[in-house]
Amino acid sequence: MPRTGQPSTRDVEATVRAVEILDALADGGELGTSEVARRTGISPSTVSRQLGTLTRVGLVEHVTATGRYRLGVRTLRYANAVLGRLNLRDLARPHLEELVHQVGETATLSIPGEADAITVDFVPTDRYLQGVTRLGRPSVGHASSAGKVMLAFGDVITPRTRLTAFTPHTITDPTALAAEIALVRERGYAEAIEEREVGLSAIAAPVWGADAELAAVVALQGPTSRFDGAAIAAAIPLLAVCAERISVALGWHPALGN
């Protein structure tokens, strides 16, 4: 048979069944043979043989105390190998482009830094304001939507002293900021209306990694004259979907919580 360089389209049934069993354990945690058989539709005798093999190669562990099975530590080797080559920008880019197409405002992608979120990518619109967004620009925790997401969900301490005012709308009182960050946690997104720059409005949402920790921040921004209250309200659910899709691409699952 000639080699085409493409994967074979013929399945090896034993391999397919093994993967189905691993999927069942990933979803169910510790399971007994009968429960795996029920979830997969594979006969108990076949499940038993597969579990024995998977246990011997380290992909599954047998819990002696309960007689049940769970995923083995060897699966971490494969998971880490995949996660190690994932490029956040490459994964996020098509979702950012779709968001910009839907909303018509500039989308940004930031990653958590020591104190601020740092812009690593952005997708402009044809109405993009040059200079407002640039790569490497840090957010300001108390005055930007991405910064507020960092304060709400990242490993950052909310400031307790009076803060710098960038515009008349900047939150400078630490008590007011603490209340704002609590609101961000409650609703799952942040707003910054002319708080860092006059005439600029922005909203942001968290992106979760496979460990259910903050991996990135997705934001939308535009002129307040255009990106007003009604436009922001319409964009919020689209932003949430974008952030969730990037999270899933990074290995996050809703069952992990955040």
# chains A, B, ... in the order shown; residues from 1 in each chain; ligands from 1
>>> select_by_dssp(residues="stretch 28-167 of chain A", states="strand (DSSP E or B)", output="list in words")
Leu31, Val60, Glu61, His62, Val63, Arg68, Tyr69, Arg70, Leu71, Thr106, Ala107, Thr108, Leu109, Ser110, Ile111, Pro112, Ala117, Ile118, Thr119, Val120, Asp121, Phe122, Val123 and Pro138 of chain A
>>> select_by_dssp(residues="stretch 5-233 of chain A", states="helix (DSSP H, G or I)", output="PyMOL selection string")
chain A and resi 13-28+33-40+44-56+74-85+88-103+145-153+174-187+229-233
>>> write_last_selection(atoms="C-alpha atoms", output="PDB file, in the first residue's frame")
ATOM      1  CA  GLU A  13     -11.475  -0.951  17.356  1.00  0.00           C
ATOM      2  CA  ALA A  14      -9.470  -1.834  20.458  1.00  0.00           C
ATOM      3  CA  THR A  15      -7.884   1.608  20.393  1.00  0.00           C
ATOM      4  CA  VAL A  16     -11.242   3.313  19.950  1.00  0.00           C
ATOM      5  CA  ARG A  17     -12.632   1.415  22.945  1.00  0.00           C
ATOM      6  CA  ALA A  18      -9.587   2.350  25.034  1.00  0.00           C
ATOM      7  CA  VAL A  19     -10.107   6.018  24.259  1.00  0.00           C
ATOM      8  CA  GLU A  20     -13.809   5.757  25.147  1.00  0.00           C
ATOM      9  CA  ILE A  21     -12.837   4.261  28.500  1.00  0.00           C
ATOM     10  CA  LEU A  22     -10.305   7.025  29.153  1.00  0.00           C
ATOM     11  CA  ASP A  23     -12.965   9.615  28.276  1.00  0.00           C
ATOM     12  CA  ALA A  24     -15.370   8.003  30.730  1.00  0.00           C
ATOM     13  CA  LEU A  25     -12.771   8.148  33.496  1.00  0.00           C
ATOM     14  CA  ALA A  26     -11.936  11.757  32.647  1.00  0.00           C
ATOM     15  CA  ASP A  27     -15.599  12.707  33.014  1.00  0.00           C
ATOM     16  CA  GLY A  28     -16.481  10.464  35.942  1.00  0.00           C
ATOM     17  CA  THR A  33     -15.864  -1.669  35.841  1.00  0.00           C
ATOM     18  CA  SER A  34     -19.666  -1.860  35.647  1.00  0.00           C
ATOM     19  CA  GLU A  35     -20.029   1.912  35.659  1.00  0.00           C
ATOM     20  CA  VAL A  36     -17.470   2.277  32.862  1.00  0.00           C
ATOM     21  CA  ALA A  37     -19.316  -0.358  30.869  1.00  0.00           C
ATOM     22  CA  ARG A  38     -22.622   1.443  31.396  1.00  0.00           C
ATOM     23  CA  ARG A  39     -21.219   4.800  30.334  1.00  0.00           C
ATOM     24  CA  THR A  40     -19.438   3.503  27.238  1.00  0.00           C
ATOM     25  CA  PRO A  44     -18.002  -5.503  31.126  1.00  0.00           C
ATOM     26  CA  SER A  45     -15.593  -8.272  30.115  1.00  0.00           C
ATOM     27  CA  THR A  46     -13.997  -6.075  27.441  1.00  0.00           C
ATOM     28  CA  VAL A  47     -13.871  -3.116  29.834  1.00  0.00           C
ATOM     29  CA  SER A  48     -12.137  -5.319  32.409  1.00  0.00           C
ATOM     30  CA  ARG A  49      -9.464  -6.399  29.917  1.00  0.00           C
ATOM     31  CA  GLN A  50      -8.958  -2.859  28.675  1.00  0.00           C
ATOM     32  CA  LEU A  51      -8.650  -1.495  32.200  1.00  0.00           C
ATOM     33  CA  GLY A  52      -6.074  -4.158  32.997  1.00  0.00           C
ATOM     34  CA  THR A  53      -3.965  -3.163  30.008  1.00  0.00           C
ATOM     35  CA  LEU A  54      -4.363   0.570  30.603  1.00  0.00           C
ATOM     36  CA  THR A  55      -3.362   0.077  34.229  1.00  0.00           C
ATOM     37  CA  ARG A  56      -0.226  -1.839  33.299  1.00  0.00           C
ATOM     38  CA  ARG A  74       1.077   9.076  32.823  1.00  0.00           C
ATOM     39  CA  THR A  75      -1.778  11.023  31.228  1.00  0.00           C
ATOM     40  CA  LEU A  76      -0.199  14.176  32.664  1.00  0.00           C
ATOM     41  CA  ARG A  77       2.852  13.623  30.478  1.00  0.00           C
ATOM     42  CA  TYR A  78       0.714  13.769  27.355  1.00  0.00           C
ATOM     43  CA  ALA A  79      -1.379  16.661  28.647  1.00  0.00           C
ATOM     44  CA  ASN A  80       1.717  18.694  29.483  1.00  0.00           C
ATOM     45  CA  ALA A  81       3.243  17.941  26.083  1.00  0.00           C
ATOM     46  CA  VAL A  82       0.145  19.313  24.354  1.00  0.00           C
ATOM     47  CA  LEU A  83      -0.186  22.326  26.639  1.00  0.00           C
ATOM     48  CA  GLY A  84       3.489  23.113  26.184  1.00  0.00           C
ATOM     49  CA  ARG A  85       3.087  23.665  22.469  1.00  0.00           C
ATOM     50  CA  LEU A  88      -2.199  31.383  23.168  1.00  0.00           C
ATOM     51  CA  ARG A  89      -2.130  33.984  20.421  1.00  0.00           C
ATOM     52  CA  ASP A  90      -2.637  31.405  17.672  1.00  0.00           C
ATOM     53  CA  LEU A  91      -5.519  29.808  19.556  1.00  0.00           C
ATOM     54  CA  ALA A  92      -7.185  33.097  20.383  1.00  0.00           C
ATOM     55  CA  ARG A  93      -6.735  34.919  17.075  1.00  0.00           C
ATOM     56  CA  PRO A  94      -9.691  33.426  15.136  1.00  0.00           C
ATOM     57  CA  HIS A  95     -11.991  34.005  18.114  1.00  0.00           C
ATOM     58  CA  LEU A  96     -10.839  37.620  18.402  1.00  0.00           C
ATOM     59  CA  GLU A  97     -11.416  38.127  14.689  1.00  0.00           C
ATOM     60  CA  GLU A  98     -14.912  36.703  14.969  1.00  0.00           C
ATOM     61  CA  LEU A  99     -15.651  38.963  17.934  1.00  0.00           C
ATOM     62  CA  VAL A 100     -14.495  42.037  16.019  1.00  0.00           C
ATOM     63  CA  HIS A 101     -16.649  40.974  13.067  1.00  0.00           C
ATOM     64  CA  GLN A 102     -19.672  40.660  15.348  1.00  0.00           C
ATOM     65  CA  VAL A 103     -19.219  43.828  17.391  1.00  0.00           C
ATOM     66  CA  SER A 145     -11.386  46.748  32.132  1.00  0.00           C
ATOM     67  CA  ALA A 146      -8.540  44.254  31.643  1.00  0.00           C
ATOM     68  CA  GLY A 147      -6.874  45.520  34.816  1.00  0.00           C
ATOM     69  CA  LYS A 148     -10.074  45.053  36.798  1.00  0.00           C
ATOM     70  CA  VAL A 149     -10.321  41.457  35.565  1.00  0.00           C
ATOM     71  CA  MET A 150      -6.751  40.939  36.789  1.00  0.00           C
ATOM     72  CA  LEU A 151      -7.678  42.315  40.211  1.00  0.00           C
ATOM     73  CA  ALA A 152     -10.856  40.228  40.358  1.00  0.00           C
ATOM     74  CA  PHE A 153      -9.521  36.877  39.163  1.00  0.00           C
ATOM     75  CA  PRO A 174      -9.747  52.057  47.495  1.00  0.00           C
ATOM     76  CA  THR A 175     -13.107  51.268  49.131  1.00  0.00           C
ATOM     77  CA  ALA A 176     -14.951  52.103  45.919  1.00  0.00           C
ATOM     78  CA  LEU A 177     -12.465  50.027  43.942  1.00  0.00           C
ATOM     79  CA  ALA A 178     -12.971  47.035  46.257  1.00  0.00           C
ATOM     80  CA  ALA A 179     -16.725  47.290  45.653  1.00  0.00           C
ATOM     81  CA  GLU A 180     -16.126  47.494  41.900  1.00  0.00           C
ATOM     82  CA  ILE A 181     -13.902  44.400  41.923  1.00  0.00           C
ATOM     83  CA  ALA A 182     -16.522  42.485  43.932  1.00  0.00           C
ATOM     84  CA  LEU A 183     -19.057  43.423  41.232  1.00  0.00           C
ATOM     85  CA  VAL A 184     -16.679  42.168  38.516  1.00  0.00           C
ATOM     86  CA  ARG A 185     -16.405  38.806  40.294  1.00  0.00           C
ATOM     87  CA  GLU A 186     -20.179  38.601  40.620  1.00  0.00           C
ATOM     88  CA  ARG A 187     -21.057  39.305  37.012  1.00  0.00           C
ATOM     89  CA  GLY A 229     -24.298  51.807  26.955  1.00  0.00           C
ATOM     90  CA  ALA A 230     -26.538  50.092  24.416  1.00  0.00           C
ATOM     91  CA  ALA A 231     -23.604  48.880  22.310  1.00  0.00           C
ATOM     92  CA  ILE A 232     -21.819  47.569  25.399  1.00  0.00           C
ATOM     93  CA  ALA A 233     -24.920  45.713  26.586  1.00  0.00           C
TER      94      ALA A 233
END
>>> residues_around(residues="A:Glu105", least_positions_apart="3", cutoff="7 Å", atoms="only C-alpha atoms", output="list of chain:residue names")
A:Val100, A:Thr125, A:Leu220, A:Gln221, A:Gly222
>>> closest_residue(among="A:Gly188, A:Gly58, A:Pro124, A:Pro237", to="A:Val217", atoms="only C-alpha atoms")
A:Gly188
>>> closest_residue(among="A:His253, A:Gly41, A:His142, A:Asp155", to="A:Asp173", atoms="only C-alpha atoms")
A:His142
>>> residues_around(residues="stretch 69-73 of chain A", least_positions_apart="5", cutoff="7 Å", atoms="only C-alpha atoms", output="list in words")
Leu25, Ala26, Gly29, Glu30, Leu31, Gly32, Gly58, Leu59, Val60, Glu61, His62 and Val63 of chain A
>>> atom_distance(atom1="atom CA of A:Gly209", atom2="atom CA of A:Val248")
7.9 Å
>>> residues_around(residues="A:Ala165", least_positions_apart="3", cutoff="9 Å", atoms="only C-alpha atoms", output="MDAnalysis selection string")
chainID A and resid 143 168:172 195:196
>>> write_last_selection(atoms="N, CA and C atoms", output="PDB file, in the first residue's frame")
ATOM      1  N   ALA A 143      -8.072  51.294  36.514  1.00  0.00           N
ATOM      2  CA  ALA A 143      -8.608  52.219  35.530  1.00  0.00           C
ATOM      3  C   ALA A 143      -8.876  51.594  34.163  1.00  0.00           C
ATOM      4  N   PRO A 168     -11.533  62.288  34.953  1.00  0.00           N
ATOM      5  CA  PRO A 168     -12.484  62.572  36.026  1.00  0.00           C
ATOM      6  C   PRO A 168     -13.306  61.351  36.450  1.00  0.00           C
ATOM      7  N   HIS A 169     -13.288  60.281  35.626  1.00  0.00           N
ATOM      8  CA  HIS A 169     -14.095  59.091  35.924  1.00  0.00           C
ATOM      9  C   HIS A 169     -13.284  57.962  36.565  1.00  0.00           C
ATOM     10  N   THR A 170     -11.992  58.137  36.747  1.00  0.00           N
ATOM     11  CA  THR A 170     -11.152  57.097  37.336  1.00  0.00           C
ATOM     12  C   THR A 170     -11.543  56.861  38.792  1.00  0.00           C
ATOM     13  N   ILE A 171     -11.623  55.593  39.171  1.00  0.00           N
ATOM     14  CA  ILE A 171     -11.868  55.243  40.573  1.00  0.00           C
ATOM     15  C   ILE A 171     -10.564  55.430  41.337  1.00  0.00           C
ATOM     16  N   THR A 172     -10.583  56.315  42.318  1.00  0.00           N
ATOM     17  CA  THR A 172      -9.374  56.585  43.090  1.00  0.00           C
ATOM     18  C   THR A 172      -9.492  56.147  44.549  1.00  0.00           C
ATOM     19  N   GLU A 195     -12.357  55.732  32.006  1.00  0.00           N
ATOM     20  CA  GLU A 195     -11.634  55.731  33.277  1.00  0.00           C
ATOM     21  C   GLU A 195     -10.124  55.861  33.099  1.00  0.00           C
ATOM     22  N   ARG A 196      -9.624  55.436  31.949  1.00  0.00           N
ATOM     23  CA  ARG A 196      -8.190  55.606  31.685  1.00  0.00           C
ATOM     24  C   ARG A 196      -7.936  56.697  30.666  1.00  0.00           C
TER      25      ARG A 196
END
>>> atom_distance(atom1="atom CA of A:Ile157", atom2="atom CA of A:Trp208")
19.0 Å
>>> decode(residues="stretch 152-193 of chain A", atoms="N, CA and C atoms", output="CSV table (one decimal), in the first residue's frame")
chain,number,residue,atom,x,y,z
A,152,ALA,N,-9.8,41.1,39.9
A,152,ALA,CA,-10.9,40.2,40.4
A,152,ALA,C,-10.5,38.8,40.4
A,153,PHE,N,-9.7,38.3,39.4
A,153,PHE,CA,-9.5,36.9,39.2
A,153,PHE,C,-8.1,36.4,39.2
A,154,GLY,N,-7.1,37.4,39.1
A,154,GLY,CA,-5.7,37.0,39.1
A,154,GLY,C,-5.1,37.0,40.5
A,155,ASP,N,-3.9,36.7,40.6
A,155,ASP,CA,-3.2,36.6,41.8
A,155,ASP,C,-2.5,38.0,42.1
A,156,VAL,N,-3.4,39.0,42.3
A,156,VAL,CA,-3.0,40.3,42.5
A,156,VAL,C,-3.8,40.9,43.7
A,157,ILE,N,-3.2,41.7,44.5
A,157,ILE,CA,-3.8,42.3,45.7
A,157,ILE,C,-4.4,43.6,45.3
A,158,THR,N,-5.7,43.8,45.6
A,158,THR,CA,-6.4,45.1,45.3
A,158,THR,C,-5.7,46.2,46.1
A,159,PRO,N,-5.4,47.3,45.5
A,159,PRO,CA,-4.7,48.4,46.2
A,159,PRO,C,-5.6,48.9,47.3
A,160,ARG,N,-4.9,49.3,48.4
A,160,ARG,CA,-5.6,49.8,49.6
A,160,ARG,C,-5.3,51.3,49.9
A,161,THR,N,-4.6,51.9,49.0
A,161,THR,CA,-4.3,53.3,49.2
A,161,THR,C,-4.9,54.1,48.0
A,162,ARG,N,-4.9,55.4,48.2
A,162,ARG,CA,-5.6,56.3,47.2
A,162,ARG,C,-4.8,56.1,45.8
A,163,LEU,N,-5.6,56.1,44.8
A,163,LEU,CA,-5.1,55.8,43.4
A,163,LEU,C,-5.0,57.0,42.5
A,164,THR,N,-4.2,56.8,41.5
A,164,THR,CA,-4.0,57.9,40.5
A,164,THR,C,-5.2,58.1,39.6
A,165,ALA,N,-5.5,59.3,39.4
A,165,ALA,CA,-6.7,59.7,38.6
A,165,ALA,C,-6.1,60.0,37.2
A,166,PHE,N,-6.6,59.3,36.2
A,166,PHE,CA,-6.2,59.5,34.8
A,166,PHE,C,-7.3,60.4,34.1
A,167,THR,N,-8.5,60.3,34.5
A,167,THR,CA,-9.6,61.1,34.0
A,167,THR,C,-10.5,61.4,35.2
A,168,PRO,N,-11.5,62.3,35.0
A,168,PRO,CA,-12.5,62.6,36.0
A,168,PRO,C,-13.3,61.4,36.5
A,169,HIS,N,-13.3,60.3,35.6
A,169,HIS,CA,-14.1,59.1,35.9
A,169,HIS,C,-13.3,58.0,36.6
A,170,THR,N,-12.0,58.1,36.7
A,170,THR,CA,-11.2,57.1,37.3
A,170,THR,C,-11.5,56.9,38.8
A,171,ILE,N,-11.6,55.6,39.2
A,171,ILE,CA,-11.9,55.2,40.6
A,171,ILE,C,-10.6,55.4,41.3
A,172,THR,N,-10.6,56.3,42.3
A,172,THR,CA,-9.4,56.6,43.1
A,172,THR,C,-9.5,56.1,44.5
A,173,ASP,N,-10.7,56.0,45.0
A,173,ASP,CA,-10.9,55.6,46.4
A,173,ASP,C,-10.8,54.0,46.5
A,174,PRO,N,-9.9,53.5,47.4
A,174,PRO,CA,-9.7,52.1,47.5
A,174,PRO,C,-11.0,51.3,47.9
A,175,THR,N,-11.9,51.9,48.7
A,175,THR,CA,-13.1,51.3,49.1
A,175,THR,C,-14.0,51.1,47.9
A,176,ALA,N,-14.1,52.2,47.1
A,176,ALA,CA,-15.0,52.1,45.9
A,176,ALA,C,-14.4,51.1,44.9
A,177,LEU,N,-13.1,51.0,44.8
A,177,LEU,CA,-12.5,50.0,43.9
A,177,LEU,C,-12.8,48.6,44.4
A,178,ALA,N,-12.7,48.4,45.7
A,178,ALA,CA,-13.0,47.0,46.3
A,178,ALA,C,-14.4,46.6,45.9
A,179,ALA,N,-15.3,47.6,46.0
A,179,ALA,CA,-16.7,47.3,45.7
A,179,ALA,C,-16.9,47.0,44.2
A,180,GLU,N,-16.1,47.7,43.4
A,180,GLU,CA,-16.1,47.5,41.9
A,180,GLU,C,-15.6,46.1,41.6
A,181,ILE,N,-14.5,45.7,42.2
A,181,ILE,CA,-13.9,44.4,41.9
A,181,ILE,C,-14.8,43.3,42.4
A,182,ALA,N,-15.5,43.5,43.5
A,182,ALA,CA,-16.5,42.5,43.9
A,182,ALA,C,-17.6,42.3,42.9
A,183,LEU,N,-18.0,43.5,42.3
A,183,LEU,CA,-19.1,43.4,41.2
A,183,LEU,C,-18.6,42.7,40.0
A,184,VAL,N,-17.3,42.9,39.7
A,184,VAL,CA,-16.7,42.2,38.5
A,184,VAL,C,-16.7,40.7,38.8
A,185,ARG,N,-16.4,40.2,40.0
A,185,ARG,CA,-16.4,38.8,40.3
A,185,ARG,C,-17.8,38.3,40.2
A,186,GLU,N,-18.8,39.1,40.6
A,186,GLU,CA,-20.2,38.6,40.6
A,186,GLU,C,-20.7,38.4,39.2
A,187,ARG,N,-20.4,39.4,38.3
A,187,ARG,CA,-21.1,39.3,37.0
A,187,ARG,C,-20.2,38.7,36.0
A,188,GLY,N,-18.9,38.5,36.3
A,188,GLY,CA,-18.0,37.8,35.4
A,188,GLY,C,-17.3,38.6,34.3
A,189,TYR,N,-17.5,39.9,34.3
A,189,TYR,CA,-16.8,40.8,33.3
A,189,TYR,C,-16.6,42.2,34.0
A,190,ALA,N,-15.8,43.0,33.3
A,190,ALA,CA,-15.5,44.3,33.9
A,190,ALA,C,-15.8,45.4,32.8
A,191,GLU,N,-16.1,46.6,33.3
A,191,GLU,CA,-16.3,47.7,32.4
A,191,GLU,C,-15.4,48.8,32.9
A,192,ALA,N,-15.0,49.7,31.9
A,192,ALA,CA,-14.2,50.9,32.2
A,192,ALA,C,-14.6,51.9,31.2
A,193,ILE,N,-15.5,52.9,31.7
A,193,ILE,CA,-16.0,53.9,30.8
A,193,ILE,C,-15.3,55.2,31.1
